[in-house]
Each structure stands twice: as C-alpha cells, then as structure tokens.
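Colleague: Data: run_12.cif, mmCIF, C-alpha atoms.
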data_final
#
loop_
_atom_site.label_atom_id
_atom_site.label_comp_id
_atom_site.auth_asym_id
_atom_site.auth_seq_id
_atom_site.Cartn_x
_atom_site.Cartn_y
_atom_site.Cartn_z
CA MET A 1 38.38 -1.25 2.37
CA PRO A 2 36.48 -1.46 -0.93
CA ASP A 3 32.80 -2.31 -0.89
CA PRO A 4 32.75 -6.15 -1.28
CA ARG A 5 29.57 -5.83 -3.37
CA LYS A 6 31.40 -3.89 -6.09
CA PRO A 7 34.44 -4.78 -8.24
CA ILE A 8 37.77 -3.35 -7.14
CA GLY A 9 38.75 -0.64 -9.62
CA VAL A 10 42.28 -1.05 -10.93
CA GLY A 11 44.46 1.61 -12.56
CA ILE A 12 47.61 0.46 -14.35
CA VAL A 13 50.76 2.48 -14.93
CA GLY A 14 52.52 1.09 -17.99
CA LEU A 15 49.56 -0.35 -19.89
CA SER A 16 50.46 0.37 -23.51
CA ALA A 17 48.44 0.06 -26.69
CA THR A 18 51.52 -1.50 -28.32
CA GLY A 19 51.75 -4.42 -25.89
CA GLY A 20 54.26 -5.27 -23.18
CA TRP A 21 54.08 -7.14 -19.86
CA ALA A 22 51.16 -5.13 -18.48
CA ALA A 23 49.05 -5.76 -21.59
CA GLY A 24 50.16 -9.35 -22.07
CA ALA A 25 50.03 -10.54 -18.46
CA HIS A 26 48.40 -8.13 -16.00
CA LEU A 27 45.35 -7.38 -18.12
CA PRO A 28 44.39 -11.01 -18.89
CA ALA A 29 45.09 -11.98 -15.27
CA LEU A 30 42.74 -9.22 -14.11
CA LYS A 31 40.06 -10.41 -16.51
CA ALA A 32 40.36 -13.96 -15.17
CA VAL A 33 39.68 -12.93 -11.57
CA ASP A 34 36.17 -12.03 -10.42
CA GLY A 35 35.88 -8.86 -8.41
CA LEU A 36 38.56 -6.86 -10.24
CA GLU A 37 38.03 -4.42 -13.08
CA LEU A 38 40.29 -2.16 -15.14
CA ARG A 39 39.10 1.41 -14.56
CA ALA A 40 41.95 3.69 -15.75
CA LEU A 41 45.56 3.84 -16.85
CA ALA A 42 48.52 6.18 -16.90
CA ALA A 43 51.20 6.58 -19.56
CA SER A 44 54.33 8.66 -19.93
CA SER A 45 53.08 10.94 -22.73
CA GLU A 46 49.83 12.45 -23.96
CA ALA A 47 50.03 10.51 -27.21
CA SER A 48 50.64 7.14 -25.58
CA ALA A 49 47.95 7.81 -22.97
CA GLN A 50 45.38 8.66 -25.62
CA ALA A 51 46.24 5.58 -27.69
CA ALA A 52 46.02 3.27 -24.68
CA GLY A 53 42.82 4.89 -23.45
CA VAL A 54 41.16 4.25 -26.81
CA ALA A 55 42.55 0.70 -27.02
CA TYR A 56 41.25 -0.33 -23.59
CA GLY A 57 38.24 1.93 -23.26
CA VAL A 58 39.16 3.58 -19.97
CA PRO A 59 40.25 7.07 -18.84
CA ALA A 60 43.94 7.69 -19.49
CA TYR A 61 46.22 10.05 -17.54
CA THR A 62 49.74 11.33 -17.96
CA SER A 63 50.57 11.42 -14.24
CA VAL A 64 50.32 8.84 -11.48
CA GLU A 65 48.92 11.52 -9.17
CA ARG A 66 45.87 11.98 -11.41
CA LEU A 67 45.47 8.22 -11.71
CA ALA A 68 45.53 7.82 -7.92
CA GLY A 69 43.05 10.69 -7.63
CA ASP A 70 40.46 8.96 -9.82
CA GLU A 71 37.58 8.09 -7.48
CA ASN A 72 36.97 4.86 -9.39
CA VAL A 73 40.51 3.54 -8.76
CA ASP A 74 40.94 1.41 -5.63
CA LEU A 75 44.29 -0.15 -6.55
CA VAL A 76 47.17 1.25 -8.61
CA VAL A 77 49.42 -1.25 -10.40
CA VAL A 78 52.93 -0.06 -11.28
CA ALA A 79 54.17 -2.19 -14.19
CA VAL A 80 57.10 -0.25 -15.61
CA LYS A 81 60.89 -0.55 -15.50
CA VAL A 82 62.47 -0.85 -12.05
CA PRO A 83 64.35 2.49 -12.08
CA ARG A 84 60.99 4.32 -12.17
CA HIS A 85 59.26 2.41 -9.37
CA ARG A 86 60.11 4.81 -6.55
CA GLU A 87 58.98 7.96 -8.37
CA LEU A 88 55.65 6.30 -9.20
CA VAL A 89 54.93 4.28 -6.06
CA VAL A 90 55.61 6.99 -3.47
CA PRO A 91 53.02 9.50 -4.80
CA VAL A 92 50.37 6.76 -4.78
CA LEU A 93 51.24 5.92 -1.18
CA LYS A 94 51.04 9.60 -0.23
CA ALA A 95 47.56 9.69 -1.75
CA GLY A 96 46.61 6.76 0.49
CA VAL A 97 45.69 4.45 -2.41
CA PRO A 98 46.71 0.76 -2.25
CA VAL A 99 49.46 -0.07 -4.72
CA LEU A 100 50.88 -3.18 -6.37
CA SER A 101 54.45 -2.75 -7.58
CA GLU A 102 56.18 -5.16 -9.89
CA TRP A 103 59.23 -6.99 -8.50
CA PRO A 104 61.95 -5.88 -7.94
CA LEU A 105 60.33 -3.25 -5.76
CA ALA A 106 63.31 -0.91 -5.98
CA VAL A 107 66.75 -0.38 -7.45
CA GLY A 108 68.27 -1.49 -4.13
CA ARG A 109 67.75 -2.12 -0.43
CA ARG A 110 67.89 1.50 0.73
CA GLU A 111 65.35 2.63 -1.83
CA ALA A 112 63.08 -0.28 -0.88
CA GLU A 113 63.31 0.68 2.80
CA GLU A 114 62.42 4.27 1.91
CA MET A 115 59.36 3.08 0.00
CA ALA A 116 58.28 0.84 2.87
CA ALA A 117 58.56 3.79 5.28
CA ALA A 118 56.36 5.86 2.95
CA ALA A 119 53.65 3.19 3.02
CA ARG A 120 52.70 3.72 6.66
CA THR A 121 49.13 2.39 6.92
CA THR A 122 48.41 2.19 3.18
CA ARG A 123 48.00 -1.36 1.84
CA THR A 124 50.83 -2.44 -0.43
CA PHE A 125 51.56 -5.45 -2.57
CA VAL A 126 54.62 -6.60 -4.49
CA GLY A 127 54.79 -8.73 -7.62
CA LEU A 128 56.42 -11.83 -6.17
CA GLN A 129 53.51 -13.74 -7.66
CA GLY A 130 55.24 -17.10 -7.37
CA ARG A 131 54.08 -17.20 -3.75
CA ALA A 132 50.56 -17.64 -5.07
CA SER A 133 51.58 -20.65 -7.21
CA PRO A 134 49.28 -23.60 -6.44
CA THR A 135 52.19 -26.03 -6.72
CA PHE A 136 54.53 -24.12 -4.42
CA ARG A 137 51.81 -23.53 -1.83
CA TRP A 138 51.26 -27.29 -1.89
CA LEU A 139 55.03 -27.95 -1.63
CA ALA A 140 55.23 -25.66 1.40
CA ASP A 141 52.44 -27.69 3.02
CA LEU A 142 54.12 -31.01 2.09
CA VAL A 143 57.36 -29.97 3.78
CA SER A 144 55.58 -28.44 6.75
CA ASP A 145 53.52 -31.63 7.19
CA GLY A 146 56.65 -33.77 7.25
CA PHE A 147 56.69 -35.46 3.85
CA VAL A 148 60.52 -35.49 3.84
CA GLY A 149 60.84 -35.57 7.62
CA GLU A 150 63.29 -33.06 9.02
CA VAL A 151 64.76 -31.04 6.14
CA LEU A 152 68.50 -31.65 5.82
CA SER A 153 69.30 -29.69 2.68
CA ALA A 154 67.86 -27.89 -0.32
CA THR A 155 69.77 -27.63 -3.59
CA VAL A 156 68.83 -25.28 -6.42
CA VAL A 157 70.30 -25.26 -9.93
CA ALA A 158 68.77 -22.73 -12.32
CA SER A 159 69.61 -21.11 -15.62
CA SER A 160 68.52 -18.15 -17.71
CA THR A 161 69.01 -17.68 -21.42
CA GLU A 162 69.30 -13.92 -20.86
CA TRP A 163 72.41 -12.16 -19.51
CA GLY A 164 74.79 -13.50 -22.11
CA THR A 165 72.75 -14.12 -25.24
CA PRO A 166 71.83 -11.28 -27.69
CA VAL A 167 69.87 -8.54 -25.94
CA SER A 168 67.16 -6.38 -27.50
CA PRO A 169 67.64 -2.57 -27.31
CA ASN A 170 64.74 -2.11 -24.86
CA LEU A 171 66.34 -4.56 -22.41
CA VAL A 172 69.90 -3.22 -22.44
CA TYR A 173 69.22 -1.59 -19.07
CA THR A 174 69.01 -5.07 -17.48
CA LEU A 175 72.74 -5.50 -18.13
CA ASP A 176 73.62 -2.62 -15.78
CA ARG A 177 73.84 -3.83 -12.18
CA GLU A 178 73.22 -0.30 -10.89
CA LEU A 179 69.73 -0.13 -12.44
CA GLY A 180 68.30 -2.95 -10.32
CA ALA A 181 66.83 -5.21 -13.03
CA THR A 182 69.50 -7.91 -13.18
CA MET A 183 69.70 -11.69 -13.10
CA LEU A 184 70.29 -11.45 -9.36
CA THR A 185 67.16 -9.42 -8.68
CA ILE A 186 64.71 -10.84 -11.25
CA PRO A 187 65.00 -14.61 -11.93
CA PHE A 188 67.21 -15.39 -8.93
CA GLY A 189 65.13 -13.12 -6.68
CA HIS A 190 61.89 -14.80 -7.74
CA ALA A 191 63.39 -18.28 -7.36
CA ILE A 192 64.96 -17.76 -3.94
CA ASP A 193 61.70 -16.26 -2.71
CA LEU A 194 59.84 -19.43 -3.69
CA VAL A 195 62.48 -21.71 -2.19
CA SER A 196 62.40 -19.70 1.04
CA MET A 197 58.63 -20.14 1.19
CA VAL A 198 59.07 -23.92 1.06
CA VAL A 199 62.15 -24.60 3.25
CA GLY A 200 62.50 -21.41 5.31
CA GLU A 201 64.38 -18.14 5.28
CA LEU A 202 68.16 -18.00 5.17
CA ARG A 203 69.75 -17.00 8.48
CA ASP A 204 73.16 -16.44 6.92
CA VAL A 205 74.67 -16.55 3.45
CA VAL A 206 78.02 -16.71 1.70
CA ALA A 207 78.17 -15.94 -2.00
CA THR A 208 80.39 -16.08 -5.06
CA THR A 209 79.32 -14.13 -8.14
CA ALA A 210 80.92 -13.29 -11.45
CA THR A 211 80.32 -11.49 -14.72
CA ARG A 212 81.79 -13.97 -17.15
CA ARG A 213 80.52 -12.22 -20.27
CA ARG A 214 81.38 -8.56 -20.01
CA ARG A 215 80.14 -7.76 -23.50
CA VAL A 216 77.07 -9.24 -25.18
CA PRO A 217 75.60 -8.89 -28.67
CA LEU A 218 73.07 -6.13 -29.26
CA GLY A 219 70.39 -8.10 -31.07
CA HIS A 220 71.59 -9.04 -34.53
CA THR A 221 73.18 -5.68 -35.31
CA GLY A 222 76.74 -6.93 -35.12
CA GLN A 223 77.36 -4.49 -32.26
CA VAL A 224 78.10 -5.40 -28.65
CA VAL A 225 77.18 -3.69 -25.38
CA ALA A 226 78.79 -3.79 -21.95
CA MET A 227 77.36 -5.93 -19.16
CA THR A 228 78.15 -5.32 -15.48
CA ALA A 229 75.35 -7.49 -14.06
CA GLU A 230 76.38 -10.86 -12.65
CA ASP A 231 75.77 -13.85 -14.92
CA GLN A 232 76.96 -16.45 -12.39
CA ILE A 233 75.54 -16.53 -8.86
CA ALA A 234 76.38 -19.21 -6.29
CA ILE A 235 75.29 -19.06 -2.65
CA SER A 236 75.03 -21.27 0.40
CA GLY A 237 73.73 -20.78 3.90
CA THR A 238 71.61 -22.21 6.68
CA VAL A 239 67.88 -21.87 7.18
CA ALA A 240 65.88 -22.07 10.39
CA GLY A 241 66.35 -25.53 11.86
CA GLY A 242 69.87 -25.85 10.48
CA ALA A 243 69.25 -27.19 6.97
CA ILE A 244 71.74 -26.19 4.29
CA LEU A 245 70.50 -24.26 1.26
CA ALA A 246 72.75 -24.08 -1.80
CA ALA A 247 71.90 -22.41 -5.11
CA HIS A 248 73.68 -21.80 -8.40
CA HIS A 249 72.06 -19.64 -11.06
CA ARG A 250 73.69 -19.43 -14.50
CA GLY A 251 73.11 -16.79 -17.17
CA GLY A 252 73.30 -17.00 -20.94
CA ALA A 253 72.65 -20.74 -20.87
CA ALA A 254 73.01 -22.35 -24.29
CA THR A 255 70.61 -25.15 -23.34
CA GLY A 256 67.76 -22.81 -22.38
CA ALA A 257 66.17 -21.78 -19.13
CA GLY A 258 65.59 -24.31 -16.40
CA PHE A 259 64.96 -24.79 -12.70
CA SER A 260 65.66 -27.65 -10.31
CA LEU A 261 65.08 -27.88 -6.56
CA ILE A 262 65.96 -30.99 -4.54
CA ILE A 263 64.85 -31.15 -0.90
CA ASP A 264 66.45 -33.95 1.13
CA GLY A 265 65.12 -34.91 4.53
CA THR A 266 65.39 -37.61 7.15
CA ALA A 267 62.37 -39.46 5.73
CA GLY A 268 62.35 -38.66 2.02
CA ARG A 269 63.12 -36.44 -0.91
CA LEU A 270 61.28 -34.02 -3.20
CA GLU A 271 62.54 -33.16 -6.68
CA ILE A 272 60.99 -30.16 -8.44
CA THR A 273 61.93 -29.40 -12.05
CA GLY A 274 60.77 -26.92 -14.66
CA ALA A 275 61.78 -25.68 -18.09
CA GLU A 276 61.03 -22.06 -17.16
CA PHE A 277 61.30 -19.72 -14.19
CA PRO A 278 59.03 -21.33 -11.57
CA HIS A 279 57.03 -18.14 -10.98
CA LEU A 280 56.05 -18.15 -14.66
CA GLY A 281 55.94 -21.74 -15.89
CA PRO A 282 54.80 -25.13 -14.62
CA VAL A 283 56.99 -27.52 -12.64
CA THR A 284 56.95 -31.28 -12.20
CA VAL A 285 57.18 -32.79 -8.72
CA HIS A 286 58.64 -36.22 -7.87
CA GLY A 287 58.80 -37.56 -4.35
CA THR A 288 60.00 -40.58 -2.41
CA ARG A 289 59.66 -41.59 1.23
CA ASN A 290 61.35 -44.21 3.41
CA GLY A 291 63.55 -45.64 0.66
CA GLY A 292 60.84 -46.07 -1.95
CA GLN A 293 61.18 -45.37 -5.65
CA PRO A 294 60.63 -41.76 -6.79
CA ALA A 295 57.19 -41.19 -8.25
CA GLU A 296 55.50 -38.19 -9.81
CA LEU A 297 53.18 -36.46 -7.37
CA THR A 298 49.95 -34.84 -8.51
CA LEU A 299 48.66 -31.54 -7.19
CA PRO A 300 45.64 -32.30 -4.99
CA SER A 301 42.38 -30.41 -5.27
CA GLY A 302 41.90 -27.22 -3.31
CA TYR A 303 44.99 -25.36 -4.49
CA ASP A 304 44.28 -24.35 -8.09
CA ASP A 305 41.40 -21.92 -8.57
CA TYR A 306 42.26 -21.29 -12.23
CA PRO A 307 43.11 -24.68 -13.78
CA ALA A 308 42.25 -23.44 -17.26
CA LEU A 309 45.28 -21.12 -17.03
CA ALA A 310 47.72 -23.85 -15.97
CA GLY A 311 50.87 -23.82 -18.07
CA THR A 312 50.50 -20.16 -19.04
CA PRO A 313 52.57 -17.22 -17.73
CA ILE A 314 49.47 -15.69 -16.11
CA HIS A 315 48.55 -18.75 -13.99
CA THR A 316 50.38 -17.59 -10.87
CA LEU A 317 49.59 -13.94 -11.57
CA ALA A 318 45.85 -14.66 -11.56
CA HIS A 319 46.20 -16.38 -8.19
CA ALA A 320 48.21 -13.40 -6.93
CA TYR A 321 45.48 -10.99 -8.00
CA ALA A 322 42.88 -13.16 -6.27
CA ALA A 323 44.92 -12.99 -3.06
CA ILE A 324 45.21 -9.20 -3.39
CA ARG A 325 41.45 -8.92 -3.95
CA ASP A 326 40.75 -10.98 -0.83
CA ASP A 327 43.26 -8.99 1.24
CA LEU A 328 41.62 -5.71 0.23
CA VAL A 329 38.07 -6.93 0.81
CA HIS A 330 38.59 -8.94 4.00
CA GLY A 331 41.55 -7.15 5.57
CA THR A 332 43.75 -10.26 5.44
CA ALA A 333 47.50 -10.26 4.74
CA VAL A 334 48.23 -13.18 2.43
CA ALA A 335 49.80 -11.48 -0.60
CA PRO A 336 53.42 -10.29 -0.14
CA ASP A 337 53.74 -6.57 0.64
CA VAL A 338 56.54 -4.00 0.65
CA THR A 339 57.73 -5.22 4.07
CA HIS A 340 58.29 -8.64 2.54
CA ALA A 341 59.96 -7.00 -0.46
CA VAL A 342 62.39 -5.20 1.86
CA ARG A 343 63.27 -8.54 3.44
CA ARG A 344 64.03 -9.98 0.01
CA HIS A 345 66.06 -6.91 -0.98
CA ARG A 346 68.08 -7.29 2.23
CA LEU A 347 68.92 -10.87 1.26
CA LEU A 348 70.05 -9.79 -2.22
CA ASP A 349 72.06 -6.98 -0.65
CA ALA A 350 73.73 -9.46 1.71
CA ILE A 351 74.59 -11.69 -1.26
CA ALA A 352 76.24 -8.77 -3.05
CA ARG A 353 78.19 -7.79 0.08
CA SER A 354 79.36 -11.36 0.67
CA ALA A 355 80.47 -11.74 -2.93
CA ALA A 356 82.46 -8.50 -2.67
CA SER A 357 84.08 -9.27 0.68
CA GLY A 358 84.33 -13.06 0.71
CA ARG A 359 82.72 -13.10 4.17
CA ARG A 360 79.58 -14.82 5.41
CA GLU A 361 76.76 -12.39 6.06
CA THR A 362 74.26 -12.80 8.90
CA LEU A 363 70.73 -11.80 7.97
CA PRO A 364 68.49 -9.82 10.32
CA PRO A 365 65.77 -11.80 12.11
CA ARG A 366 62.24 -11.50 10.84
#
Would you put the structure from the file into structure tokens?

Modeller:
Amino acid sequence: MPDPRKPIGVGIVGLSATGGWAAGAHLPALKAVDGLELRALAASSEASAQAAGVAYGVPAYTSVERLAGDENVDLVVVAVKVPRHRELVVPVLKAGVPVLSEWPLAVGRREAEEMAAAARTTRTFVGLQGRASPTFRWLADLVSDGFVGEVLSATVVASSTEWGTPVSPNLVYTLDRELGATMLTIPFGHAIDLVSMVVGELRDVVATTATRRRRVPLGHTGQVVAMTAEDQIAISGTVAGGAILAAHHRGGAATGAGFSLIIDGTAGRLEITGAEFPHLGPVTVHGTRNGGQPAELTLPSGYDDYPALAGTPIHTLAHAYAAIRDDLVHGTAVAPDVTHAVRRHRLLDAIARSAASGRRETLPPR
C-alpha cells in the first residue's frame, strides 16, 4: 500500500493535450481530491505523448508498460475506448500496479472474466463512479432503513439522445454492438448498476431489445452509417426478497436524455428523477410514507464531501477517486473492482441472451 503520508501518484492512459474525457473529467476530479497527484501519462504516439507531457508537465510514455514501470506511479488509470481496455489493463496487472479502468471494463463478459483472472492479488477499480454518488448512497440507506417498508417494485424509465441522433465520426464505433461501447453497456449499464445498489441485484431477467434505427446520420455530412447496437432495451426480473424490477431505456430520444426511478413499498414510495444520466448529473428525490403527500427530500449532511462540485459531471467521479484513495491507503474495499465489473457484464450478457432467445435467464449467485 502507498505511504499514507505521501500523495498517491497517478498515471493516465488517454490524457490528451487536445482534450477528451480524461482531460475534462479525470484530471479535474483528481485535482479536487486530496492525496492524489498526476505523475505521468501514456499516449499512443510519440508526438501525442510529447504534446501531452508538455501540456500537463509530467513524464510522457508511449507504452503502458513504461508507465506502469515509473516508480512514481502508484495507480494507472485507463481512460481510452473500450476495445483497447484489455490490451492496456492486463500489462499493468502483470506489473503488479493497481489499475482503474473506465466502464465498460471489457468488450464482453468473457474478456472481463479474463481480465479479472489476470488481476490475482493486484488492486483493481472500475469506473462505475455512480456508486460513489452522495444521493444514491443516501437512497440505498433510505431503502435499507425501511423508508418505503418492504420493497414491492422498482420501475426505471430512461432515455439517451445518442444511438439514433447524428453521430460524430469519433463515436461511430459506439454504434457497433460487437465493440462493447453501446447503449446497453454504457448508459443502461451505469443506470442498472445504481438501481441494483439501491434495491438489490437481479436474480433473474427477461429482456426485449431492438435496433429501431439501423442507419443514423453521420454528423451533418448528409451521409448515414449503419447501427447494430440496440436503441430500445426493456427488461424485467426479480431481486432478492421478491420485488419486481422493470426498466425501459430508449435511444435517440427527441426530448433529450432523462432518468426516472420509482420505488414502491409497503409503507411508502420514492421517486427519483434527473435530466441526465444519474452517474453524471444531479437527481431530485421525492418521497411519501403512510399515505402522505409526496414531498421533496433533501440530502442530509455526511454524504457529500465535495458540495462545490454538485451539479457537475465530475461530482461523482471525485467521490469515486476519494474512495479509491482510501481503499489504497487503508486496505478497504469500497470502490467497485473488476470482480464487480464481471458481475455487471454477466447481467448484460444475460440480457442479450434473453433478448435473443425469448427465455428468462437465471443469474449466478453472488
């Protein structure tokens, strides 16, 4: 474990001088969290490495092996496209350096299982940062403490503007279901992970999916490109205790992105709504108990360590980095790891199998 008296040195794969998710989200989240410090980076070419190294003032490498071998790097962050995760994560694990991989962990379940097997005793983390959300940690406690009584059902309705609206050239790969960065794996995967944290894991699932738009505009070029990824996903199943969980996620929504979760119980109801994916944007919570009128509930103190970031895309990511820091320093296991990622990939795999066969799929026990 790192020396708790010194900052944890972080090396990022995918930190570009021209911007992107790593520069726009990971870097400011790192800066917001005490005890973490950017120490190095890796890029795909000598030119891009040199440019990024100058821009961020740290050593820059052209291989993940050299990044993992830097004695000042205690944690490697892999923030590149999903199809490259395995080739970058596995060498870091072989070097015995803790690694944080963006979600989805892998292109599919089998690849995720292979990566988990490669981890052995090396600490791993996966970018399901919504689990660090102050609001959803509070919601999990509310349900656990009996706010709604016994949970009877949970209903999710969500929408994405992507997967149907014009796509930029650098995101065309997300339209290919075989490349692992689809609506099922990204927004739906993040959302179902959060819902599972609050109401429990699915024990079984039956699914219906469709690709309603098989061709989508390529930006504003007048051209179109093929889409094989699902843009309609509907599932239902039972969670521990017998409650029913139903979810419908819609792509290419003309009215914009949105998220709604209703939890009904024997003593009350919770309604959670947001105008963005819940792992990125804020949500509003209304609750009612014992037949009363619904009222907005306010997040109590003790959950949000970074209130100045509330409402920004890095709010949950900063909390996730704080959890990773604490896990590395204290040997705890709060932040989701590759074992948890495999569990989530197995659920998504079961959804795909059910949609293809029309049969209910039983999920393996924890």

Colleague: Might you spell out which residues the PyMOL selection byres ((chain A and resi 262) around 8) would select in the displayed file, as a list in words?

Modeller: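 Taken on the displayed file, the PyMOL selection byres ((chain A and resi 262) around 8) yields the residues Ala154, Thr155, Val156, Ser260, Leu261, Ile263, Asp264, Arg269, Leu270, Glu271 and Ile272 of chain A.
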
Colleague: Going by the chain IDs and residue numbers used in this file, which residues fall under the PyMOL selection byres ((chain A and resi 61) around 12)? Write them as a PyMOL selection string.

Modeller: chain A and resi 11-15+39-53+58-60+62-70

Colleague: Between atom CA of A:Thr339 and atom CA of A:Gly96, what is the distance in Å, rounded to a tenth?

Modeller: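 These two atoms are separated by 16.7 Å.
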
Colleague: Quick one: residues within 9 Å of A:Ala119, all atoms listed in the file counted, chain neighbours fewer than 5 positions away excluded, as an MDAnalysis selection string?

Modeller: chainID A and resid 90 93:94 96 114 124 338

Colleague: Can you translate the PyMOL selection byres ((chain A and resi 277) around 7) into the concrete residues it hits in this file, as JSON, numbers by chain?

Modeller: {"A": [187, 258, 259, 276, 278, 279, 280, 281]}

Colleague: Do you have the atom CA of A:His85-atom CA of A:Pro7 distance handy?

Modeller: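 Distance between the two atoms: 25.9 Å.
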
Colleague: Which one is closest to A:Thr238: A:Val33, A:Ala25, A:Ala257, A:Val199? Count only C-alpha atoms.

Modeller: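 Closest candidate: A:Val199.
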
Colleague: How big is the axis-aligned box around the listed atoms of stretch 331-344 of chain A once 5 Å is added on each side, and where is its centre? Give both in Å to one decimal, as AutoDock Vina command-line options.

Modeller:
--center_x 52.8 --center_y -8.6 --center_z 2.5 --size_x 32.5 --size_y 19.2 --size_z 16.2
